[in-house]
Amino acid sequence: MSAPATQIMTDTPATQSAPILTLSDVTVQFGGLKACNGVTAQVQRGELFALIGPNGAGKTSLVNAITGVYQPNPGAVVDYTDAGGTTHSLLGRKPHQVVRMGLSRTFQNLGLFPQLSLLDNMMLGRYIHQRGGVFASGFRTRRAVKEEVEARAAVERVMDLLEISHLRFEPVGDLPYGLQKRIELGRVLAMEPDLLLLDEPMAGMTVEEKLDVVRFIYEIRAELDVTVLLIEHDMAVVMSIADRVLALNFGEPIALGTPAEVQQTPAVVEAYLGAE
Ligand SMILES: Nc1ncnc2c1ncn2[C@@H]1O[C@H](COP(=O)(O)OP(=O)(O)OP(=O)(O)O)[C@@H](O)[C@H]1O
């Protein structure tokens with residue numbers, strides 16, 4: 001039997017700055033199954049926070065509860081604190097409203113339009129910011145033109161950062177899988193998120209492609225001032241790049257702390273050995 005999560009959880013002083021995401025007692029339930037159960041954690045602005053756990057541990061369900069796809073049980077707190085310091089509850093909000101507030105995510109499966117060019121896929125990520133609507137675009141109002149210019153500039157910045165500008169007119173369906181994953185990351189970055197939630201961005205990649213993604217994650221944080229919540233199965237990657245890690249197993253939070261602390265937690269060792 002594992003020790004209760006509260007006994008083994010620690011929080012390091014170095015990461016106790018301003019929270020961007022506050023979770024308290026978050027439970028997501030499907031019938032009798034608690035996909036995640038009583039998760040309490042804070043993500044600090046600017047940190048790289050990783051969410052780990054064996055298959056079916058509840059990682060995606062937790063991210064779904066944050067991003068408005070699922071509603072957690074009553075009593076849960078899911079708060080986002082914006083750059084100005086104002087805290088907003090995310091409970092009851094629809095996914096598109098959560099994106100507009102500054103939280104964008106990638107999915108395990110690619111969400112790209114294969115027949116469209118890389119550039120068009122990236123521009124689609126920007127519609128979330130366009131308030132002028134179809135009428136305004138059709139009649140080229142000042143606002144529509146301004147929004148289009150801003151969108152193009154944001155997309156160009158992201159394409160440069162991810163080193164994909166030269167592929168802008170290629171249909172994304174013709175590009176290798178590793179590049180498609182990078183484009184999906186770009187599409188989400190073009191939304192200019194404050195908190196970026198990455199659901200297994202390296203799944204199915206070669207070692208070299210994974211190293212590229214790690215490099216881009218570092219650059220994204222440094223250049224775009226984005227906080228990252230990362231779900232990733234590759235422990236070597238997580239343990240070398242995360243500031244802090246939350247481990248789940250069968251929906252239960254079993255450890256929260258620095259990579260070194262989490263790695264040494266018996267419940268984590270047990271969960272991973274048991275999963276092999
Ligand atoms: N929509 C749903 N309806 C019923 N059960 C679900 C649903 N979504 C997830 N589950 C169950 O909840 C549990 C947690 O699933 P979840 O996908 O959140 O885990 P995960 O840690 O993201 O797994 P993986 O690493 O395999 O993606 C699993 O038992 C899963 O079968």
# chains A, B, ... in the order shown; residues from 1 in each chain; ligands from 1
>>> residues_around(residues="A:Asp194", least_positions_apart="4", cutoff="12 Å", atoms="only C-alpha atoms", output="ChimeraX atom specification")
/A:20-21,44-47,80-84,98-105,188-190,220-221,224-229
>>> closest_atom_pairs(of="chain A", to="ligand 1", cutoff="10 Å", atoms="only C-alpha atoms and all ligand atoms", output="Markdown table")
| residue | atom | partner | partner_atom_place_in_ligand_line | distance |
| --- | --- | --- | --- | --- |
| A:Val28 | CA | ligand 1 | 12 (O) | 8.3 |
| A:Gln29 | CA | ligand 1 | 12 (O) | 7.9 |
| A:Phe30 | CA | ligand 1 | 4 (C) | 5.1 |
| A:Gly31 | CA | ligand 1 | 4 (C) | 7.7 |
| A:Gly32 | CA | ligand 1 | 5 (N) | 9.5 |
| A:Leu33 | CA | ligand 1 | 12 (O) | 6.9 |
| A:Lys34 | CA | ligand 1 | 12 (O) | 6.9 |
| A:Ala35 | CA | ligand 1 | 12 (O) | 4.0 |
| A:Cys36 | CA | ligand 1 | 14 (C) | 6.8 |
| A:Leu51 | CA | ligand 1 | 21 (O) | 8.9 |
| A:Ile52 | CA | ligand 1 | 21 (O) | 7.5 |
| A:Gly53 | CA | ligand 1 | 21 (O) | 5.9 |
| A:Pro54 | CA | ligand 1 | 25 (O) | 5.9 |
| A:Asn55 | CA | ligand 1 | 26 (O) | 3.5 |
| A:Gly56 | CA | ligand 1 | 19 (O) | 3.4 |
| A:Ala57 | CA | ligand 1 | 21 (O) | 3.7 |
| A:Gly58 | CA | ligand 1 | 18 (O) | 3.3 |
| A:Lys59 | CA | ligand 1 | 21 (O) | 3.8 |
| A:Thr60 | CA | ligand 1 | 22 (O) | 3.7 |
| A:Ser61 | CA | ligand 1 | 18 (O) | 3.6 |
| A:Leu62 | CA | ligand 1 | 18 (O) | 6.5 |
| A:Val63 | CA | ligand 1 | 18 (O) | 8.1 |
| A:Asn64 | CA | ligand 1 | 18 (O) | 8.1 |
| A:Ala65 | CA | ligand 1 | 18 (O) | 9.8 |
| A:Val69 | CA | ligand 1 | 1 (N) | 9.9 |
| A:Tyr70 | CA | ligand 1 | 1 (N) | 8.6 |
| A:Gln108 | CA | ligand 1 | 27 (O) | 7.6 |
| A:Asp199 | CA | ligand 1 | 27 (O) | 8.4 |
| A:Glu200 | CA | ligand 1 | 27 (O) | 8.3 |
| A:Ile231 | CA | ligand 1 | 22 (O) | 8.2 |
| A:Glu232 | CA | ligand 1 | 25 (O) | 8.2 |
| A:His233 | CA | ligand 1 | 25 (O) | 7.3 |
| A:Ala247 | CA | ligand 1 | 21 (O) | 9.8 |
| A:Leu248 | CA | ligand 1 | 21 (O) | 7.6 |
| A:Asn249 | CA | ligand 1 | 21 (O) | 7.9 |
| A:Phe250 | CA | ligand 1 | 14 (C) | 7.2 |
| A:Gly251 | CA | ligand 1 | 14 (C) | 6.6 |
>>> select_by_dssp(residues="stretch 15-194 of chain A", states="helix (DSSP H, G or I)", output="ChimeraX atom specification")
/A:15,59-66,95-101,118-124,127-129,133-138,142-161,165-167,172-174,177-189
>>> residues_around(residues="A:Arg126", least_positions_apart="5", cutoff="12 Å", atoms="only C-alpha atoms", output="mmCIF file with N, CA and C atoms, in the first residue's frame")
data_model
loop_
_atom_site.group_PDB
_atom_site.id
_atom_site.type_symbol
_atom_site.label_atom_id
_atom_site.label_comp_id
_atom_site.auth_asym_id
_atom_site.auth_seq_id
_atom_site.Cartn_x
_atom_site.Cartn_y
_atom_site.Cartn_z
ATOM 1 N N VAL A 99 -9.509 28.936 -23.953
ATOM 2 C CA VAL A 99 -8.443 29.315 -24.893
ATOM 3 C C VAL A 99 -8.341 30.833 -24.970
ATOM 4 N N ARG A 100 -9.467 31.502 -25.065
ATOM 5 C CA ARG A 100 -9.456 32.975 -25.144
ATOM 6 C C ARG A 100 -8.844 33.617 -23.906
ATOM 7 N N SER A 104 -3.876 27.377 -23.861
ATOM 8 C CA SER A 104 -4.025 26.615 -25.110
ATOM 9 C C SER A 104 -3.363 25.265 -24.954
ATOM 10 N N LEU A 119 0.995 27.200 -43.510
ATOM 11 C CA LEU A 119 0.615 28.573 -43.178
ATOM 12 C C LEU A 119 -0.876 28.665 -42.837
ATOM 13 N N ASP A 120 -1.725 28.006 -43.654
ATOM 14 C CA ASP A 120 -3.169 28.063 -43.383
ATOM 15 C C ASP A 120 -3.513 27.388 -42.059
ATOM 16 N N ASN A 121 -2.833 26.281 -41.766
ATOM 17 C CA ASN A 121 -3.068 25.624 -40.481
ATOM 18 C C ASN A 121 -2.715 26.543 -39.326
ATOM 19 N N ARG A 131 -11.950 39.191 -33.689
ATOM 20 C CA ARG A 131 -13.273 39.590 -33.208
ATOM 21 C C ARG A 131 -14.067 40.311 -34.285
ATOM 22 N N GLU A 147 -6.320 43.061 -37.540
ATOM 23 C CA GLU A 147 -6.258 41.712 -36.961
ATOM 24 C C GLU A 147 -5.482 40.763 -37.873
ATOM 25 N N GLU A 148 -5.686 40.934 -39.180
ATOM 26 C CA GLU A 148 -5.004 40.044 -40.117
ATOM 27 C C GLU A 148 -3.489 40.275 -40.076
ATOM 28 N N VAL A 149 -3.113 41.552 -39.993
ATOM 29 C CA VAL A 149 -1.684 41.896 -39.933
ATOM 30 C C VAL A 149 -1.072 41.335 -38.645
ATOM 31 N N GLU A 150 -1.793 41.497 -37.537
ATOM 32 C CA GLU A 150 -1.291 40.990 -36.251
ATOM 33 C C GLU A 150 -1.168 39.469 -36.283
ATOM 34 N N ALA A 151 -2.178 38.832 -36.892
ATOM 35 C CA ALA A 151 -2.179 37.364 -36.964
ATOM 36 C C ALA A 151 -0.982 36.882 -37.764
ATOM 37 N N ARG A 152 -0.756 37.547 -38.892
ATOM 38 C CA ARG A 152 0.345 37.132 -39.764
ATOM 39 C C ARG A 152 1.696 37.315 -39.052
ATOM 40 N N ALA A 153 1.812 38.419 -38.315
ATOM 41 C CA ALA A 153 3.067 38.682 -37.607
ATOM 42 C C ALA A 153 3.302 37.625 -36.527
ATOM 43 N N ALA A 154 2.240 37.259 -35.801
ATOM 44 C CA ALA A 154 2.381 36.248 -34.730
ATOM 45 C C ALA A 154 2.773 34.906 -35.346
ATOM 46 N N VAL A 155 2.123 34.568 -36.458
ATOM 47 C CA VAL A 155 2.400 33.288 -37.122
ATOM 48 C C VAL A 155 3.830 33.266 -37.662
ATOM 49 N N GLU A 156 4.282 34.371 -38.226
ATOM 50 C CA GLU A 156 5.657 34.436 -38.754
ATOM 51 C C GLU A 156 6.670 34.237 -37.620
ATOM 52 N N VAL A 158 6.262 32.621 -34.826
ATOM 53 C CA VAL A 158 6.257 31.227 -34.368
ATOM 54 C C VAL A 158 6.919 30.319 -35.403
ATOM 55 N N GLY A 186 3.149 24.706 -33.188
ATOM 56 C CA GLY A 186 3.147 26.062 -33.733
ATOM 57 C C GLY A 186 1.747 26.657 -33.791
ATOM 58 N N ARG A 187 0.776 25.829 -34.207
ATOM 59 C CA ARG A 187 -0.599 26.309 -34.332
ATOM 60 C C ARG A 187 -1.115 26.783 -32.964
ATOM 61 N N VAL A 188 -0.771 26.030 -31.932
ATOM 62 C CA VAL A 188 -1.213 26.390 -30.589
ATOM 63 C C VAL A 188 -0.457 27.630 -30.082
ATOM 64 N N LEU A 189 0.840 27.703 -30.421
ATOM 65 C CA LEU A 189 1.628 28.874 -30.012
ATOM 66 C C LEU A 189 1.149 30.149 -30.691
ATOM 67 N N ALA A 190 0.638 30.000 -31.906
ATOM 68 C CA ALA A 190 0.144 31.174 -32.633
ATOM 69 C C ALA A 190 -1.056 31.796 -31.929
ATOM 70 N N MET A 191 -1.676 31.043 -31.019
ATOM 71 C CA MET A 191 -2.788 31.596 -30.236
ATOM 72 C C MET A 191 -2.258 32.506 -29.120
ATOM 73 N N GLU A 192 -0.925 32.591 -29.012
ATOM 74 C CA GLU A 192 -0.264 33.407 -27.992
ATOM 75 C C GLU A 192 -0.737 33.081 -26.576
ATOM 76 N N PRO A 193 -0.570 31.802 -26.188
ATOM 77 C CA PRO A 193 -1.027 31.415 -24.846
ATOM 78 C C PRO A 193 -0.129 31.961 -23.743
#
>>> select_by_dssp(residues="stretch 154-255 of chain A", states="strand (DSSP E or B)", output="list in words")
Pro171, Leu195, Leu196, Leu197, Leu198, Asp199, Thr227, Val228, Leu229, Leu230, Ile231, Arg244, Val245, Leu246, Ala247, Leu248, Asn249, Glu252, Pro253, Ile254 and Ala255 of chain A
>>> atom_distance(atom1="atom CA of A:Glu170", atom2="atom CA of A:His96")
27.7 Å
>>> residues_around(residues="stretch 208-217 of chain A", least_positions_apart="4", cutoff="9 Å", atoms="only C-alpha atoms", output="PyMOL selection string")
chain A and resi 161-162+178-179+182+201-203+221-222+228+237+241
>>> atom_distance(atom1="atom CA of A:Gln42", atom2="atom CA of A:Ala18")
9.4 Å
>>> residues_around(residues="A:Asp79", least_positions_apart="6", cutoff="9 Å", atoms="only C-alpha atoms", output="PyMOL selection string")
chain A and resi 20-24+66+87-91
>>> closest_residue(among="A:Leu48, A:Val39, A:Leu230, A:Arg93", to="A:Phe107", atoms="only C-alpha atoms")
A:Leu230
>>> closest_residue(among="A:Ala271, A:Leu167, A:Val238, A:Leu175", to="A:Pro259", atoms="only C-alpha atoms")
A:Val238
>>> decode(residues="stretch 203-243 of chain A", atoms="N, CA and C atoms", output="PDB file, in the first residue's frame")
ATOM      1  N   ALA A 203       5.361  12.076 -28.439  1.00  0.00           N
ATOM      2  CA  ALA A 203       4.920  10.692 -28.655  1.00  0.00           C
ATOM      3  C   ALA A 203       5.270  10.239 -30.066  1.00  0.00           C
ATOM      4  N   GLY A 204       5.848   9.074 -30.186  1.00  0.00           N
ATOM      5  CA  GLY A 204       6.130   8.488 -31.505  1.00  0.00           C
ATOM      6  C   GLY A 204       7.315   9.110 -32.215  1.00  0.00           C
ATOM      7  N   MET A 205       8.083   9.959 -31.529  1.00  0.00           N
ATOM      8  CA  MET A 205       9.202  10.647 -32.210  1.00  0.00           C
ATOM      9  C   MET A 205      10.509   9.892 -32.043  1.00  0.00           C
ATOM     10  N   THR A 206      11.429  10.134 -32.964  1.00  0.00           N
ATOM     11  CA  THR A 206      12.782   9.599 -32.838  1.00  0.00           C
ATOM     12  C   THR A 206      13.512  10.418 -31.758  1.00  0.00           C
ATOM     13  N   VAL A 207      14.655   9.892 -31.303  1.00  0.00           N
ATOM     14  CA  VAL A 207      15.425  10.599 -30.268  1.00  0.00           C
ATOM     15  C   VAL A 207      15.796  12.005 -30.760  1.00  0.00           C
ATOM     16  N   GLU A 208      16.198  12.079 -32.014  1.00  0.00           N
ATOM     17  CA  GLU A 208      16.608  13.374 -32.563  1.00  0.00           C
ATOM     18  C   GLU A 208      15.437  14.362 -32.585  1.00  0.00           C
ATOM     19  N   GLU A 209      14.257  13.873 -32.979  1.00  0.00           N
ATOM     20  CA  GLU A 209      13.081  14.739 -33.019  1.00  0.00           C
ATOM     21  C   GLU A 209      12.710  15.191 -31.606  1.00  0.00           C
ATOM     22  N   LYS A 210      12.865  14.268 -30.642  1.00  0.00           N
ATOM     23  CA  LYS A 210      12.563  14.642 -29.245  1.00  0.00           C
ATOM     24  C   LYS A 210      13.501  15.749 -28.768  1.00  0.00           C
ATOM     25  N   LEU A 211      14.777  15.624 -29.125  1.00  0.00           N
ATOM     26  CA  LEU A 211      15.734  16.657 -28.717  1.00  0.00           C
ATOM     27  C   LEU A 211      15.365  18.005 -29.309  1.00  0.00           C
ATOM     28  N   ASP A 212      14.860  17.974 -30.548  1.00  0.00           N
ATOM     29  CA  ASP A 212      14.404  19.221 -31.162  1.00  0.00           C
ATOM     30  C   ASP A 212      13.271  19.828 -30.350  1.00  0.00           C
ATOM     31  N   VAL A 213      12.303  18.978 -29.960  1.00  0.00           N
ATOM     32  CA  VAL A 213      11.156  19.503 -29.210  1.00  0.00           C
ATOM     33  C   VAL A 213      11.623  20.091 -27.874  1.00  0.00           C
ATOM     34  N   VAL A 214      12.557  19.399 -27.218  1.00  0.00           N
ATOM     35  CA  VAL A 214      13.088  19.919 -25.943  1.00  0.00           C
ATOM     36  C   VAL A 214      13.710  21.298 -26.173  1.00  0.00           C
ATOM     37  N   ARG A 215      14.486  21.391 -27.235  1.00  0.00           N
ATOM     38  CA  ARG A 215      15.125  22.674 -27.569  1.00  0.00           C
ATOM     39  C   ARG A 215      14.055  23.747 -27.800  1.00  0.00           C
ATOM     40  N   PHE A 216      12.988  23.390 -28.525  1.00  0.00           N
ATOM     41  CA  PHE A 216      11.939  24.379 -28.796  1.00  0.00           C
ATOM     42  C   PHE A 216      11.205  24.767 -27.512  1.00  0.00           C
ATOM     43  N   ILE A 217      11.001  23.797 -26.623  1.00  0.00           N
ATOM     44  CA  ILE A 217      10.321  24.126 -25.366  1.00  0.00           C
ATOM     45  C   ILE A 217      11.147  25.152 -24.588  1.00  0.00           C
ATOM     46  N   TYR A 218      12.460  24.961 -24.553  1.00  0.00           N
ATOM     47  CA  TYR A 218      13.328  25.943 -23.890  1.00  0.00           C
ATOM     48  C   TYR A 218      13.185  27.313 -24.558  1.00  0.00           C
ATOM     49  N   GLU A 219      13.188  27.316 -25.888  1.00  0.00           N
ATOM     50  CA  GLU A 219      13.120  28.607 -26.596  1.00  0.00           C
ATOM     51  C   GLU A 219      11.774  29.292 -26.400  1.00  0.00           C
ATOM     52  N   ILE A 220      10.717  28.467 -26.406  1.00  0.00           N
ATOM     53  CA  ILE A 220       9.372  29.020 -26.209  1.00  0.00           C
ATOM     54  C   ILE A 220       9.297  29.725 -24.864  1.00  0.00           C
ATOM     55  N   ARG A 221       9.846  29.079 -23.851  1.00  0.00           N
ATOM     56  CA  ARG A 221       9.788  29.671 -22.506  1.00  0.00           C
ATOM     57  C   ARG A 221      10.628  30.939 -22.435  1.00  0.00           C
ATOM     58  N   ALA A 222      11.782  30.888 -23.060  1.00  0.00           N
ATOM     59  CA  ALA A 222      12.679  32.041 -22.974  1.00  0.00           C
ATOM     60  C   ALA A 222      12.167  33.211 -23.802  1.00  0.00           C
ATOM     61  N   GLU A 223      11.694  32.919 -25.022  1.00  0.00           N
ATOM     62  CA  GLU A 223      11.367  34.020 -25.942  1.00  0.00           C
ATOM     63  C   GLU A 223       9.913  34.467 -25.872  1.00  0.00           C
ATOM     64  N   LEU A 224       9.007  33.541 -25.556  1.00  0.00           N
ATOM     65  CA  LEU A 224       7.593  33.909 -25.593  1.00  0.00           C
ATOM     66  C   LEU A 224       6.993  34.064 -24.201  1.00  0.00           C
ATOM     67  N   ASP A 225       7.805  33.823 -23.163  1.00  0.00           N
ATOM     68  CA  ASP A 225       7.333  34.043 -21.801  1.00  0.00           C
ATOM     69  C   ASP A 225       6.076  33.211 -21.492  1.00  0.00           C
ATOM     70  N   VAL A 226       6.156  31.943 -21.825  1.00  0.00           N
ATOM     71  CA  VAL A 226       4.996  31.062 -21.669  1.00  0.00           C
ATOM     72  C   VAL A 226       5.284  30.054 -20.551  1.00  0.00           C
ATOM     73  N   THR A 227       4.278  29.804 -19.715  1.00  0.00           N
ATOM     74  CA  THR A 227       4.394  28.738 -18.707  1.00  0.00           C
ATOM     75  C   THR A 227       3.953  27.435 -19.376  1.00  0.00           C
ATOM     76  N   VAL A 228       4.655  26.347 -19.058  1.00  0.00           N
ATOM     77  CA  VAL A 228       4.361  25.089 -19.758  1.00  0.00           C
ATOM     78  C   VAL A 228       3.935  24.004 -18.773  1.00  0.00           C
ATOM     79  N   LEU A 229       2.798  23.378 -19.080  1.00  0.00           N
ATOM     80  CA  LEU A 229       2.386  22.174 -18.360  1.00  0.00           C
ATOM     81  C   LEU A 229       2.516  21.027 -19.360  1.00  0.00           C
ATOM     82  N   LEU A 230       3.394  20.095 -19.037  1.00  0.00           N
ATOM     83  CA  LEU A 230       3.770  19.055 -20.002  1.00  0.00           C
ATOM     84  C   LEU A 230       3.349  17.672 -19.513  1.00  0.00           C
ATOM     85  N   ILE A 231       2.593  16.956 -20.353  1.00  0.00           N
ATOM     86  CA  ILE A 231       2.351  15.531 -20.104  1.00  0.00           C
ATOM     87  C   ILE A 231       3.334  14.791 -20.986  1.00  0.00           C
ATOM     88  N   GLU A 232       4.148  13.935 -20.383  1.00  0.00           N
ATOM     89  CA  GLU A 232       5.138  13.224 -21.196  1.00  0.00           C
ATOM     90  C   GLU A 232       5.473  11.880 -20.568  1.00  0.00           C
ATOM     91  N   HIS A 233       5.600  10.866 -21.417  1.00  0.00           N
ATOM     92  CA  HIS A 233       5.923   9.521 -20.917  1.00  0.00           C
ATOM     93  C   HIS A 233       7.419   9.281 -20.810  1.00  0.00           C
ATOM     94  N   ASP A 234       8.209  10.021 -21.578  1.00  0.00           N
ATOM     95  CA  ASP A 234       9.649   9.764 -21.578  1.00  0.00           C
ATOM     96  C   ASP A 234      10.260  10.344 -20.293  1.00  0.00           C
ATOM     97  N   MET A 235      10.540   9.457 -19.349  1.00  0.00           N
ATOM     98  CA  MET A 235      11.012   9.903 -18.036  1.00  0.00           C
ATOM     99  C   MET A 235      12.351  10.634 -18.110  1.00  0.00           C
ATOM    100  N   ALA A 236      13.214  10.189 -19.016  1.00  0.00           N
ATOM    101  CA  ALA A 236      14.524  10.842 -19.129  1.00  0.00           C
ATOM    102  C   ALA A 236      14.318  12.308 -19.492  1.00  0.00           C
ATOM    103  N   VAL A 237      13.403  12.561 -20.409  1.00  0.00           N
ATOM    104  CA  VAL A 237      13.127  13.937 -20.824  1.00  0.00           C
ATOM    105  C   VAL A 237      12.522  14.725 -19.666  1.00  0.00           C
ATOM    106  N   VAL A 238      11.482  14.152 -19.059  1.00  0.00           N
ATOM    107  CA  VAL A 238      10.786  14.871 -17.980  1.00  0.00           C
ATOM    108  C   VAL A 238      11.753  15.220 -16.856  1.00  0.00           C
ATOM    109  N   MET A 239      12.528  14.228 -16.450  1.00  0.00           N
ATOM    110  CA  MET A 239      13.390  14.442 -15.294  1.00  0.00           C
ATOM    111  C   MET A 239      14.517  15.433 -15.606  1.00  0.00           C
ATOM    112  N   SER A 240      14.861  15.585 -16.866  1.00  0.00           N
ATOM    113  CA  SER A 240      15.937  16.530 -17.142  1.00  0.00           C
ATOM    114  C   SER A 240      15.434  17.942 -17.445  1.00  0.00           C
ATOM    115  N   ILE A 241      14.161  18.111 -17.808  1.00  0.00           N
ATOM    116  CA  ILE A 241      13.742  19.486 -18.148  1.00  0.00           C
ATOM    117  C   ILE A 241      12.707  20.100 -17.207  1.00  0.00           C
ATOM    118  N   ALA A 242      11.991  19.288 -16.435  1.00  0.00           N
ATOM    119  CA  ALA A 242      10.903  19.857 -15.610  1.00  0.00           C
ATOM    120  C   ALA A 242      11.456  20.575 -14.380  1.00  0.00           C
ATOM    121  N   ASP A 243      10.772  21.647 -13.977  1.00  0.00           N
ATOM    122  CA  ASP A 243      11.092  22.288 -12.704  1.00  0.00           C
ATOM    123  C   ASP A 243      10.451  21.489 -11.574  1.00  0.00           C
TER     124      ASP A 243
END
